[in-house]
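Text of the file structure_1.txt, holding compact mmCIF, C-alpha atoms and all ligand atoms:
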# COMPACT_ATOMS: atom_id res chain seq x y z
CA MET A 1 -84.84 113.29 -36.27
CA ASN A 2 -83.59 110.31 -38.14
CA PHE A 3 -83.32 107.54 -35.54
CA THR A 4 -83.03 103.80 -35.87
CA ALA A 5 -85.92 102.35 -37.83
CA LEU A 6 -87.32 98.93 -36.98
CA GLN A 7 -85.80 97.34 -40.06
CA ASP A 8 -82.31 98.65 -39.21
CA ILE A 9 -81.53 95.94 -36.67
CA PRO A 10 -82.00 93.09 -39.23
CA THR A 11 -79.81 95.04 -41.68
CA ALA A 12 -77.12 95.45 -39.02
CA LEU A 13 -77.35 91.77 -38.10
CA ALA A 14 -76.94 90.71 -41.74
CA LEU A 15 -73.88 92.91 -42.16
CA LEU A 16 -72.30 91.58 -38.96
CA GLU A 17 -73.12 88.03 -40.02
CA LYS A 18 -71.21 88.41 -43.28
CA GLY A 19 -68.16 89.85 -41.53
CA ASP A 20 -68.79 93.56 -41.93
CA VAL A 21 -68.73 96.35 -39.33
CA VAL A 22 -71.65 98.43 -37.97
CA ALA A 23 -71.60 101.63 -35.89
CA ILE A 24 -73.51 101.11 -32.64
CA PRO A 25 -74.86 103.68 -30.17
CA THR A 26 -74.01 103.29 -26.48
CA GLU A 27 -74.52 105.46 -23.40
CA THR A 28 -70.86 106.56 -23.62
CA VAL A 29 -69.70 107.02 -27.21
CA TYR A 30 -70.48 105.34 -30.55
CA GLY A 31 -68.70 102.03 -31.18
CA LEU A 32 -67.53 100.42 -34.42
CA ALA A 33 -68.64 96.82 -33.98
CA ALA A 34 -67.88 93.42 -35.45
CA ARG A 35 -68.88 89.93 -34.29
CA ILE A 36 -66.12 88.37 -32.23
CA ASP A 37 -66.37 85.22 -34.35
CA ARG A 38 -65.83 86.98 -37.70
CA GLN A 39 -62.15 87.52 -38.44
CA ALA A 40 -62.95 89.67 -41.48
CA GLY A 41 -65.09 92.04 -39.42
CA LEU A 42 -62.45 92.32 -36.71
CA GLU A 43 -59.79 93.11 -39.29
CA LYS A 44 -62.07 95.69 -40.86
CA ILE A 45 -62.35 97.54 -37.53
CA PHE A 46 -58.60 98.13 -37.51
CA GLN A 47 -58.56 99.03 -41.19
CA VAL A 48 -61.47 101.52 -41.03
CA LYS A 49 -60.15 103.13 -37.84
CA GLU A 50 -56.52 103.08 -39.03
CA ARG A 51 -55.86 101.62 -35.60
CA PRO A 52 -52.59 99.85 -34.75
CA PHE A 53 -52.96 96.23 -33.68
CA PHE A 54 -51.31 96.75 -30.28
CA ASP A 55 -54.45 98.41 -28.82
CA PRO A 56 -57.00 95.76 -27.70
CA LEU A 57 -60.76 95.96 -28.29
CA ILE A 58 -63.59 95.83 -25.75
CA VAL A 59 -66.15 93.04 -26.24
CA HIS A 60 -69.73 94.21 -25.74
CA VAL A 61 -72.12 91.68 -24.21
CA ASP A 62 -75.86 91.63 -23.50
CA SER A 63 -75.67 89.95 -20.09
CA ILE A 64 -73.53 88.70 -17.25
CA ALA A 65 -74.02 85.17 -18.62
CA MET A 66 -72.49 86.13 -21.97
CA ALA A 67 -69.59 87.83 -20.20
CA GLN A 68 -68.97 84.72 -18.10
CA SER A 69 -68.74 82.64 -21.27
CA LEU A 70 -65.87 84.85 -22.48
CA ALA A 71 -63.85 85.01 -19.23
CA ARG A 72 -61.67 82.20 -17.95
CA GLU A 73 -62.17 83.26 -14.32
CA TRP A 74 -65.22 84.96 -12.90
CA SER A 75 -64.30 86.24 -9.45
CA GLN A 76 -66.65 87.38 -6.71
CA SER A 77 -65.60 90.97 -7.43
CA ALA A 78 -66.60 90.55 -11.08
CA GLN A 79 -69.98 89.21 -9.99
CA VAL A 80 -70.66 92.06 -7.55
CA LEU A 81 -69.47 94.81 -9.90
CA THR A 82 -71.41 93.56 -12.90
CA GLN A 83 -74.57 93.14 -10.79
CA THR A 84 -74.13 96.66 -9.48
CA PHE A 85 -73.06 98.60 -12.57
CA TRP A 86 -74.27 96.68 -15.65
CA PRO A 87 -75.68 97.61 -18.00
CA GLY A 88 -73.48 100.69 -17.71
CA PRO A 89 -70.16 102.42 -18.38
CA LEU A 90 -67.82 99.94 -16.66
CA THR A 91 -65.47 97.66 -18.61
CA LEU A 92 -63.91 94.75 -16.74
CA VAL A 93 -60.57 93.38 -17.90
CA LEU A 94 -60.49 89.70 -16.95
CA PRO A 95 -58.53 86.58 -17.93
CA LYS A 96 -59.85 85.63 -21.37
CA SER A 97 -61.39 82.39 -22.52
CA GLU A 98 -60.06 80.79 -25.68
CA ARG A 99 -63.21 81.90 -27.52
CA VAL A 100 -61.70 85.40 -27.61
CA SER A 101 -59.14 85.78 -30.40
CA ASP A 102 -55.71 87.41 -30.13
CA LEU A 103 -56.77 90.02 -32.67
CA ILE A 104 -59.30 91.32 -30.11
CA THR A 105 -56.89 91.32 -27.17
CA SER A 106 -53.68 92.25 -29.05
CA GLY A 107 -52.25 88.97 -27.90
CA LEU A 108 -52.91 89.69 -24.21
CA ASP A 109 -54.23 86.97 -21.94
CA SER A 110 -57.07 89.24 -20.77
CA VAL A 111 -60.22 90.62 -22.37
CA GLY A 112 -62.18 93.83 -21.77
CA LEU A 113 -65.92 93.11 -21.29
CA ARG A 114 -68.73 95.60 -21.05
CA CYS A 115 -72.53 95.56 -21.16
CA PRO A 116 -73.70 98.91 -22.58
CA ARG A 117 -76.80 100.65 -21.22
CA HIS A 118 -78.50 101.08 -24.56
CA LEU A 119 -81.67 99.28 -25.65
CA VAL A 120 -80.99 99.18 -29.40
CA THR A 121 -77.48 97.85 -28.96
CA LEU A 122 -78.51 95.34 -26.29
CA GLU A 123 -81.18 94.06 -28.68
CA LEU A 124 -78.59 93.82 -31.47
CA ILE A 125 -76.19 91.78 -29.31
CA ARG A 126 -79.02 89.58 -28.05
CA SER A 127 -80.19 88.87 -31.60
CA ALA A 128 -76.64 88.22 -32.81
CA GLY A 129 -76.24 85.78 -29.92
CA VAL A 130 -72.55 86.59 -29.69
CA GLY A 131 -70.36 89.37 -28.29
CA LEU A 132 -69.51 92.38 -30.46
CA ALA A 133 -65.98 93.76 -30.33
CA ALA A 134 -66.13 97.54 -30.63
CA PRO A 135 -63.69 100.37 -30.11
CA SER A 136 -64.93 103.95 -30.25
CA ALA A 137 -66.03 104.81 -33.80
CA ASN A 138 -63.37 107.40 -34.59
CA LYS A 139 -60.13 107.37 -36.55
CA PHE A 140 -57.28 106.32 -34.27
CA GLY A 141 -56.17 109.03 -31.84
CA ARG A 142 -59.02 111.39 -32.69
CA THR A 143 -62.03 112.72 -30.76
CA SER A 144 -64.59 110.01 -29.98
CA PRO A 145 -68.07 110.33 -31.57
CA THR A 146 -71.12 110.81 -29.37
CA THR A 147 -73.70 111.22 -32.17
CA TRP A 148 -74.41 109.37 -35.41
CA GLN A 149 -73.62 112.57 -37.28
CA HIS A 150 -70.10 112.43 -35.84
CA VAL A 151 -69.72 108.85 -37.10
CA LEU A 152 -70.97 109.88 -40.53
CA ALA A 153 -68.46 112.75 -40.60
CA GLU A 154 -65.69 110.33 -39.58
CA PHE A 155 -66.34 107.45 -41.99
CA GLY A 156 -68.87 108.67 -44.59
CA ASP A 157 -71.19 106.11 -46.19
CA SER A 158 -68.70 103.27 -45.85
CA VAL A 159 -70.07 102.25 -42.44
CA PHE A 160 -73.70 101.35 -41.65
CA ILE A 161 -74.87 103.34 -38.60
CA LEU A 162 -77.58 102.45 -36.10
CA LYS A 163 -78.83 105.97 -35.50
CA ASP A 164 -79.91 107.13 -32.08
CA GLU A 165 -79.76 110.03 -29.69
CA ALA A 166 -76.46 111.12 -28.20
CA GLY A 167 -75.25 109.07 -25.23
CA GLN A 168 -76.01 110.40 -21.77
CA VAL A 169 -72.55 109.72 -20.33
CA GLY A 170 -70.47 111.22 -23.14
CA ILE A 171 -67.00 109.89 -22.29
CA GLU A 172 -65.76 106.32 -22.53
CA SER A 173 -66.35 103.67 -19.87
CA THR A 174 -64.16 103.21 -16.83
CA VAL A 175 -61.74 100.35 -17.58
CA LEU A 176 -61.06 98.22 -14.50
CA ALA A 177 -58.64 95.28 -14.46
CA ILE A 178 -59.32 92.50 -11.96
CA ARG A 179 -56.77 89.81 -11.21
CA SER A 180 -56.71 87.21 -8.51
CA GLY A 181 -53.80 87.81 -6.14
CA ALA A 182 -52.43 85.85 -3.19
CA SER A 183 -54.86 87.50 -0.77
CA GLY A 184 -57.92 88.09 -2.95
CA ASP A 185 -58.76 90.11 -6.04
CA GLU A 186 -56.48 92.98 -7.08
CA LEU A 187 -57.97 95.94 -8.93
CA ALA A 188 -56.47 98.63 -11.15
CA ILE A 189 -58.19 101.43 -13.03
CA LEU A 190 -56.67 101.42 -16.51
CA ARG A 191 -58.85 104.29 -17.76
CA PRO A 192 -60.85 106.59 -15.46
CA GLY A 193 -64.50 107.20 -16.30
CA MET A 194 -67.76 108.31 -14.77
CA ILE A 195 -67.99 105.19 -12.60
CA THR A 196 -65.38 106.05 -10.00
CA ALA A 197 -62.94 104.08 -7.84
CA HIS A 198 -64.92 105.25 -4.83
CA GLU A 199 -68.18 103.80 -6.21
CA ILE A 200 -66.42 100.55 -7.13
CA GLU A 201 -64.91 100.24 -3.67
CA THR A 202 -68.25 101.01 -2.00
CA ALA A 203 -70.00 98.29 -4.01
CA LEU A 204 -67.37 95.71 -3.06
CA VAL A 205 -67.23 96.65 0.61
CA ASN A 206 -71.04 96.64 0.85
CA ALA A 207 -70.96 93.08 -0.48
CA GLY A 208 -68.43 92.11 2.20
CA LEU A 209 -65.47 91.87 -0.20
CA ARG A 210 -61.99 93.32 0.24
CA CYS A 211 -60.82 95.92 -2.21
CA GLN A 212 -57.10 95.92 -2.99
CA TRP A 213 -56.00 98.63 -5.38
CA LYS A 214 -52.93 98.35 -7.58
CA SER A 215 -51.60 101.26 -9.58
CA VAL A 216 -51.62 101.08 -13.39
CA ALA A 217 -47.82 100.94 -13.29
CA GLN A 218 -48.04 97.74 -11.22
CA HIS A 219 -50.40 96.32 -13.78
CA ARG A 220 -48.44 94.58 -16.49
CA GLU A 221 -51.25 94.53 -19.05
CA ALA A 222 -52.02 98.19 -19.50
CA PRO A 223 -51.96 99.15 -23.17
CA GLY A 224 -53.83 102.14 -24.54
CA GLN A 225 -51.80 104.44 -22.30
CA MET A 226 -50.75 106.60 -25.24
CA LYS A 227 -49.65 110.12 -24.48
CA HIS A 228 -51.96 111.56 -27.13
CA HIS A 229 -55.51 110.54 -27.88
CA TYR A 230 -58.96 112.09 -28.41
CA MET A 231 -57.40 114.88 -30.49
CA PRO A 232 -59.65 117.35 -32.30
CA SER A 233 -58.71 118.38 -35.83
CA VAL A 234 -57.31 121.73 -34.70
CA PRO A 235 -54.78 121.95 -31.85
CA LEU A 236 -56.06 122.16 -28.29
CA LEU A 237 -53.97 124.30 -25.95
CA TRP A 238 -54.09 123.77 -22.20
CA LEU A 239 -53.59 126.93 -20.14
CA ASP A 240 -52.39 126.70 -16.56
CA GLN A 241 -53.66 130.22 -16.01
CA LYS A 242 -56.01 132.58 -17.84
CA ARG A 243 -54.46 134.58 -20.71
CA SER A 244 -55.69 136.95 -23.39
CA VAL A 245 -56.38 135.62 -26.88
CA PRO A 246 -53.56 137.69 -28.49
CA GLU A 247 -51.11 136.28 -25.93
CA ILE A 248 -52.31 132.72 -26.60
CA LEU A 249 -51.97 133.15 -30.37
CA ALA A 250 -48.51 134.72 -30.12
CA GLU A 251 -47.17 131.91 -27.96
CA ALA A 252 -48.81 129.20 -30.08
CA ASN A 253 -47.18 130.65 -33.23
CA ARG A 254 -43.82 130.87 -31.48
CA ARG A 255 -44.04 127.26 -30.31
CA ALA A 256 -45.83 125.76 -33.34
CA SER A 257 -43.05 123.28 -34.00
CA GLU A 258 -43.78 121.61 -30.62
CA ILE A 259 -47.30 120.69 -31.75
CA PRO A 260 -47.33 116.98 -32.57
CA ASP A 261 -48.32 115.92 -36.07
CA ALA A 262 -48.64 112.19 -35.35
CA VAL A 263 -50.02 109.88 -32.65
CA GLU A 264 -48.00 106.68 -32.15
CA GLY A 265 -46.71 107.05 -35.68
CA VAL A 266 -50.19 107.63 -37.15
CA PRO A 267 -50.17 111.05 -38.86
CA LEU A 268 -52.73 113.67 -37.88
CA ASN A 269 -53.86 115.37 -41.07
CA THR A 270 -55.00 118.90 -40.39
CA LEU A 271 -53.25 120.07 -37.27
CA ARG A 272 -50.94 122.78 -38.56
CA LYS A 273 -51.22 124.98 -41.63
CA GLU A 274 -48.76 127.79 -42.20
CA LYS A 275 -50.67 130.90 -43.36
CA ALA A 276 -47.73 133.25 -43.64
CA PRO A 277 -44.09 132.68 -42.65
CA GLY A 278 -44.17 131.70 -38.97
CA VAL A 279 -47.93 132.28 -38.69
CA PHE A 280 -50.08 129.22 -38.16
CA PHE A 281 -52.81 130.53 -35.88
CA LEU A 282 -54.88 133.69 -36.32
CA THR A 283 -58.03 132.81 -34.38
CA ALA A 284 -58.76 130.95 -31.17
CA ALA A 285 -61.90 129.81 -29.32
CA ALA A 286 -62.34 128.73 -25.70
CA LEU A 287 -63.65 125.32 -24.68
CA GLU A 288 -66.13 126.15 -21.93
CA LEU A 289 -67.41 123.29 -19.81
CA SER A 290 -70.37 123.14 -17.46
CA ASN A 291 -69.31 123.22 -13.82
CA GLN A 292 -71.29 120.02 -13.30
CA PRO A 293 -69.07 117.10 -14.31
CA GLU A 294 -71.94 114.95 -15.65
CA LEU A 295 -72.93 117.73 -18.05
CA ALA A 296 -69.33 118.58 -18.88
CA ALA A 297 -68.63 114.94 -19.83
CA ARG A 298 -71.82 114.67 -21.87
CA GLY A 299 -70.95 117.71 -23.99
CA LEU A 300 -67.17 117.40 -24.13
CA TYR A 301 -66.59 115.61 -27.45
CA SER A 302 -69.43 117.39 -29.27
CA GLN A 303 -67.99 120.72 -28.21
CA LEU A 304 -64.47 119.78 -29.31
CA ARG A 305 -65.85 118.75 -32.69
CA SER A 306 -68.02 121.79 -33.24
CA LEU A 307 -65.24 124.16 -32.21
CA SER A 308 -62.83 122.40 -34.62
CA GLU A 309 -65.35 122.73 -37.41
CA SER A 310 -66.21 126.36 -36.67
CA GLY A 311 -63.19 127.54 -38.63
CA VAL A 312 -60.97 128.62 -35.70
CA ASP A 313 -57.26 127.81 -35.86
CA LEU A 314 -56.97 126.60 -32.29
CA ILE A 315 -59.00 125.77 -29.18
CA TYR A 316 -57.87 126.63 -25.67
CA PHE A 317 -58.93 125.34 -22.29
CA CYS A 318 -58.19 126.53 -18.77
CA ALA A 319 -59.15 124.22 -15.89
CA GLU A 320 -61.01 125.87 -13.01
CA PRO A 321 -59.91 125.24 -9.42
CA THR A 322 -63.37 123.77 -8.76
CA MET A 323 -62.73 120.91 -11.23
CA GLN A 324 -61.75 118.49 -8.45
CA GLY A 325 -62.82 114.95 -7.67
CA GLU A 326 -62.92 111.68 -9.54
CA HIS A 327 -65.44 112.66 -12.22
CA TRP A 328 -63.26 115.61 -13.14
CA THR A 329 -60.19 113.35 -13.13
CA ALA A 330 -61.78 111.35 -15.94
CA ILE A 331 -62.71 114.46 -17.94
CA LEU A 332 -59.34 116.15 -17.43
CA GLU A 333 -57.53 112.93 -18.40
CA ARG A 334 -59.27 113.07 -21.80
CA LEU A 335 -58.42 116.75 -22.18
CA THR A 336 -54.79 116.22 -21.17
CA LYS A 337 -54.41 113.59 -23.87
CA ALA A 338 -56.23 115.74 -26.42
CA THR A 339 -53.90 118.64 -25.67
CA SER A 340 -51.27 119.54 -28.27
CA LEU A 341 -49.42 122.17 -26.24
CA LYS A 342 -49.40 123.30 -22.61
CA LEU A 343 -48.90 126.98 -21.81
CA SER A 344 -47.86 127.58 -18.24
O1 LIG B 1 -67.24 103.40 -23.49
C1 LIG B 1 -66.46 102.66 -24.08
O2 LIG B 1 -65.67 101.92 -23.49
C2 LIG B 1 -66.46 102.71 -25.62
C3 LIG B 1 -67.81 102.20 -26.13
C4 LIG B 1 -67.85 102.05 -27.62
O3 LIG B 1 -68.11 100.99 -25.49
N1 LIG B 1 -65.38 101.92 -26.15
C5 LIG B 1 -64.09 102.34 -26.15
O4 LIG B 1 -63.20 101.51 -26.81
O5 LIG B 1 -63.73 103.38 -25.61
P1 LIG B 1 -61.71 101.93 -27.20
O6 LIG B 1 -61.18 100.82 -28.01
O7 LIG B 1 -61.70 103.27 -27.79
O8 LIG B 1 -60.97 101.92 -25.81
C6 LIG B 1 -60.77 100.70 -25.13
C7 LIG B 1 -59.73 100.83 -24.06
C8 LIG B 1 -58.34 101.00 -24.67
O9 LIG B 1 -57.63 101.97 -23.95
C9 LIG B 1 -57.74 99.61 -24.49
O10 LIG B 1 -56.35 99.68 -24.39
C10 LIG B 1 -58.42 99.13 -23.21
O11 LIG B 1 -59.73 99.63 -23.27
N2 LIG B 1 -58.49 97.66 -23.19
C11 LIG B 1 -59.28 96.85 -23.91
N3 LIG B 1 -59.00 95.55 -23.66
C12 LIG B 1 -58.01 95.53 -22.76
C13 LIG B 1 -57.25 94.51 -22.12
N4 LIG B 1 -57.46 93.22 -22.38
N5 LIG B 1 -56.29 94.88 -21.26
C14 LIG B 1 -56.07 96.18 -21.00
N6 LIG B 1 -56.73 97.20 -21.58
C15 LIG B 1 -57.68 96.89 -22.45
MG MG B 2 -61.22 105.17 -28.38
Is it possible to express this structure as structure tokens?
Amino acid sequence: MNFTALQDIPTALALLEKGDVVAIPTETVYGLAARIDRQAGLEKIFQVKERPFFDPLIVHVDSIAMAQSLAREWSQSAQVLTQTFWPGPLTLVLPKSERVSDLITSGLDSVGLRCPRHLVTLELIRSAGVGLAAPSANKFGRTSPTTWQHVLAEFGDSVFILKDEAGQVGIESTVLAIRSGASGDELAILRPGMITAHEIETALVNAGLRCQWKSVAQHREAPGQMKHHYMPSVPLLWLDQKRSVPEILAEANRRASEIPDAVEGVPLNTLRKEKAPGVFFLTAAALELSNQPELAARGLYSQLRSLSESGVDLIYFCAEPTMQGEHWTAILERLTKATSLKLS
């Protein structure tokens, strides 16, 4: 295995220092990082990812103290939740300090802050002495990378990668917005993840705090709610009930024109290839997930990538009735957004 060598951290630091980007491992997915105080590096994130500027970046910190220096308000809820879940897969969206540029927040008044549970990356942030803005290290709209090999496949040699084992969590952090309301802090989950609303509420209640939930719709600052995201390079079909492969292929060919070829105006390159008149899909493979959500999440993106690369024309997925509960909500949310076509 070809993991991070001791001299790789100084190399990464030097690149970040001069305003370049570096791919960083985390317990969720790989990030594409730049120092928050290097405009060139921040711009390069958007350029390399082909990401539109309206989607804000998460700032990765090494400690609660660093997070506090980037937030304008640090509520009791923020204190309890960071003490409970950091380092770990929880991003808090809080009012931003002026040290955080508009390029990071897409002009919003809030910033997403997260302390990743990964020793190499924590050491990198600590040595840099400054937060690292990092979205997932994939082209915009596409499947997130969980291994350094995925990052290499995505960006080639153009990005320096801190190589490490695949993350244990496998899907992106829970994004939680906290705002002070008239009667205490108001919370909204902007993106579900493996840290659940139930766990968040339990932590707050155990600390003697009230927990007031707002829906995402009530939350004015909720970007990144695109219909499509996480898409593999061949179409993913969502089945509401089990069907035979010939049936799936026939319906996919009939309805091929409904398969999107762009995400928010960003074209997807390889989704549909016509092989003969009206025939786009000749082979299909099933996405099969573990019935344990932690394992399903860990393997999800790797499986989507390896199925896409196996040469099949489409991937299909049928949710089992047992896939219930908040962990599955997070996994199925990713799959819903990765889906090109629903067959009922
Ligand atoms: O696990 C993760 O969160 C990974 C690793 C690399 O840390 N990062 C990640 O970043 O998933 P990205 O950019 O792919 O997704 C960040 C999400 C987006 O949906 C974005 O809209 C939301 O967080 N977000 C970031 N800052 C925000 C803000 N100020 N207000 C609302 N949403 C925000
Ligand atoms: Mg992403």
Open item on the list: How would you report the residues lying within 12 Å of ligand MG 2 (chain B), as a PyMOL selection string, if you count all atoms listed in the file?
Closed with: chain A and resi 28-32+45-46+49-52+55-58+134-146+171-173+175+191+224-226+228-231+301+334+337-338
- [ ] Please provide as number ranges by chain all residues within 8 Å of Leu268 (chain A), with the sequence filter that same-chain residues fewer than 6 positions apart are discarded (counting all atoms listed in the file).
- [x] A: 233, 261-262
Might you pull out every residue within 10 Å of region 340-344 of chain A, with only C-alpha atoms counted and same-chain residues fewer than 4 positions away left off, and present them as a short mmCIF file (atom, residue, chain, number, x, y, z; two decimals) with C-alpha atoms, in the frame of the given file?
data_model
loop_
_atom_site.label_atom_id
_atom_site.label_comp_id
_atom_site.auth_asym_id
_atom_site.auth_seq_id
_atom_site.Cartn_x
_atom_site.Cartn_y
_atom_site.Cartn_z
CA HIS A 228 -51.96 111.56 -27.13
CA HIS A 229 -55.51 110.54 -27.88
CA MET A 231 -57.40 114.88 -30.49
CA PRO A 232 -59.65 117.35 -32.30
CA VAL A 234 -57.31 121.73 -34.70
CA PRO A 235 -54.78 121.95 -31.85
CA LEU A 236 -56.06 122.16 -28.29
CA LEU A 237 -53.97 124.30 -25.95
CA TRP A 238 -54.09 123.77 -22.20
CA LEU A 239 -53.59 126.93 -20.14
CA ASP A 240 -52.39 126.70 -16.56
CA GLN A 241 -53.66 130.22 -16.01
CA LYS A 242 -56.01 132.58 -17.84
CA ARG A 243 -54.46 134.58 -20.71
CA ILE A 248 -52.31 132.72 -26.60
CA GLU A 251 -47.17 131.91 -27.96
CA ALA A 252 -48.81 129.20 -30.08
CA ARG A 255 -44.04 127.26 -30.31
CA ALA A 256 -45.83 125.76 -33.34
CA GLU A 258 -43.78 121.61 -30.62
CA ILE A 259 -47.30 120.69 -31.75
CA PRO A 260 -47.33 116.98 -32.57
CA ASP A 261 -48.32 115.92 -36.07
CA LEU A 271 -53.25 120.07 -37.27
CA LEU A 314 -56.97 126.60 -32.29
CA ILE A 315 -59.00 125.77 -29.18
CA TYR A 316 -57.87 126.63 -25.67
CA PHE A 317 -58.93 125.34 -22.29
CA CYS A 318 -58.19 126.53 -18.77
CA LEU A 335 -58.42 116.75 -22.18
CA THR A 336 -54.79 116.22 -21.17
#
- [ ] Name the closest residue to Lys227 (chain A) among the candidates A:Glu333, A:Arg179, A:Arg272, A:Trp213; distances are taken between atoms, counting all atoms listed in the file.
- [x]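 Ranking A:Glu333, A:Arg179, A:Arg272, A:Trp213 by distance to Lys227 (chain A), first place goes to A:Glu333.
Of the residues under consideration (A:Lys273, A:His150, A:Lys214, A:Lys44), A:Lys214 shows the shortest atom-to-atom contact distance to Asp185 (chain A) when counting all atoms listed in the file.
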Region 19-39 of chain A rebuilt with N, CA and C atoms, output as a short mmCIF file (atom, residue, chain, number, x, y, z; two decimals), in the coordinates of the input:
data_model
loop_
_atom_site.label_atom_id
_atom_site.label_comp_id
_atom_site.auth_asym_id
_atom_site.auth_seq_id
_atom_site.Cartn_x
_atom_site.Cartn_y
_atom_site.Cartn_z
N GLY A 19 -69.53 89.41 -41.83
CA GLY A 19 -68.16 89.85 -41.53
C GLY A 19 -67.91 91.30 -41.84
N ASP A 20 -68.97 92.12 -41.74
CA ASP A 20 -68.79 93.56 -41.93
C ASP A 20 -68.87 94.26 -40.57
N VAL A 21 -68.64 95.58 -40.57
CA VAL A 21 -68.73 96.35 -39.33
C VAL A 21 -70.00 97.23 -39.34
N VAL A 22 -70.46 97.59 -38.14
CA VAL A 22 -71.65 98.43 -37.97
C VAL A 22 -71.36 99.41 -36.83
N ALA A 23 -71.78 100.66 -36.98
CA ALA A 23 -71.60 101.63 -35.89
C ALA A 23 -72.78 101.52 -34.93
N ILE A 24 -72.46 101.35 -33.65
CA ILE A 24 -73.51 101.11 -32.64
C ILE A 24 -73.54 102.23 -31.59
N PRO A 25 -74.76 102.66 -31.23
CA PRO A 25 -74.86 103.68 -30.17
C PRO A 25 -74.67 103.02 -28.80
N THR A 26 -74.05 103.74 -27.88
CA THR A 26 -74.01 103.29 -26.48
C THR A 26 -74.25 104.52 -25.61
N GLU A 27 -74.31 104.32 -24.30
CA GLU A 27 -74.52 105.46 -23.40
C GLU A 27 -73.26 106.30 -23.24
N THR A 28 -72.10 105.79 -23.73
CA THR A 28 -70.86 106.56 -23.62
C THR A 28 -70.57 107.25 -24.95
N VAL A 29 -70.01 106.49 -25.88
CA VAL A 29 -69.70 107.02 -27.21
C VAL A 29 -70.12 105.96 -28.23
N TYR A 30 -70.17 106.32 -29.51
CA TYR A 30 -70.48 105.34 -30.55
C TYR A 30 -69.35 104.33 -30.69
N GLY A 31 -69.70 103.07 -30.94
CA GLY A 31 -68.70 102.03 -31.18
C GLY A 31 -68.72 101.59 -32.63
N LEU A 32 -67.61 101.00 -33.08
CA LEU A 32 -67.53 100.42 -34.42
C LEU A 32 -67.40 98.91 -34.21
N ALA A 33 -68.52 98.20 -34.47
CA ALA A 33 -68.64 96.82 -33.98
C ALA A 33 -68.46 95.77 -35.05
N ALA A 34 -67.91 94.63 -34.62
CA ALA A 34 -67.88 93.42 -35.45
C ALA A 34 -68.14 92.23 -34.53
N ARG A 35 -68.70 91.16 -35.09
CA ARG A 35 -68.88 89.93 -34.29
C ARG A 35 -67.52 89.39 -33.90
N ILE A 36 -67.42 88.88 -32.67
CA ILE A 36 -66.12 88.37 -32.23
C ILE A 36 -65.72 87.09 -32.96
N ASP A 37 -66.70 86.45 -33.64
CA ASP A 37 -66.37 85.22 -34.35
C ASP A 37 -66.25 85.44 -35.87
N ARG A 38 -66.05 86.69 -36.27
CA ARG A 38 -65.83 86.98 -37.70
C ARG A 38 -64.50 87.71 -37.86
N GLN A 39 -63.50 86.95 -38.27
CA GLN A 39 -62.15 87.52 -38.44
C GLN A 39 -62.17 88.72 -39.40
#
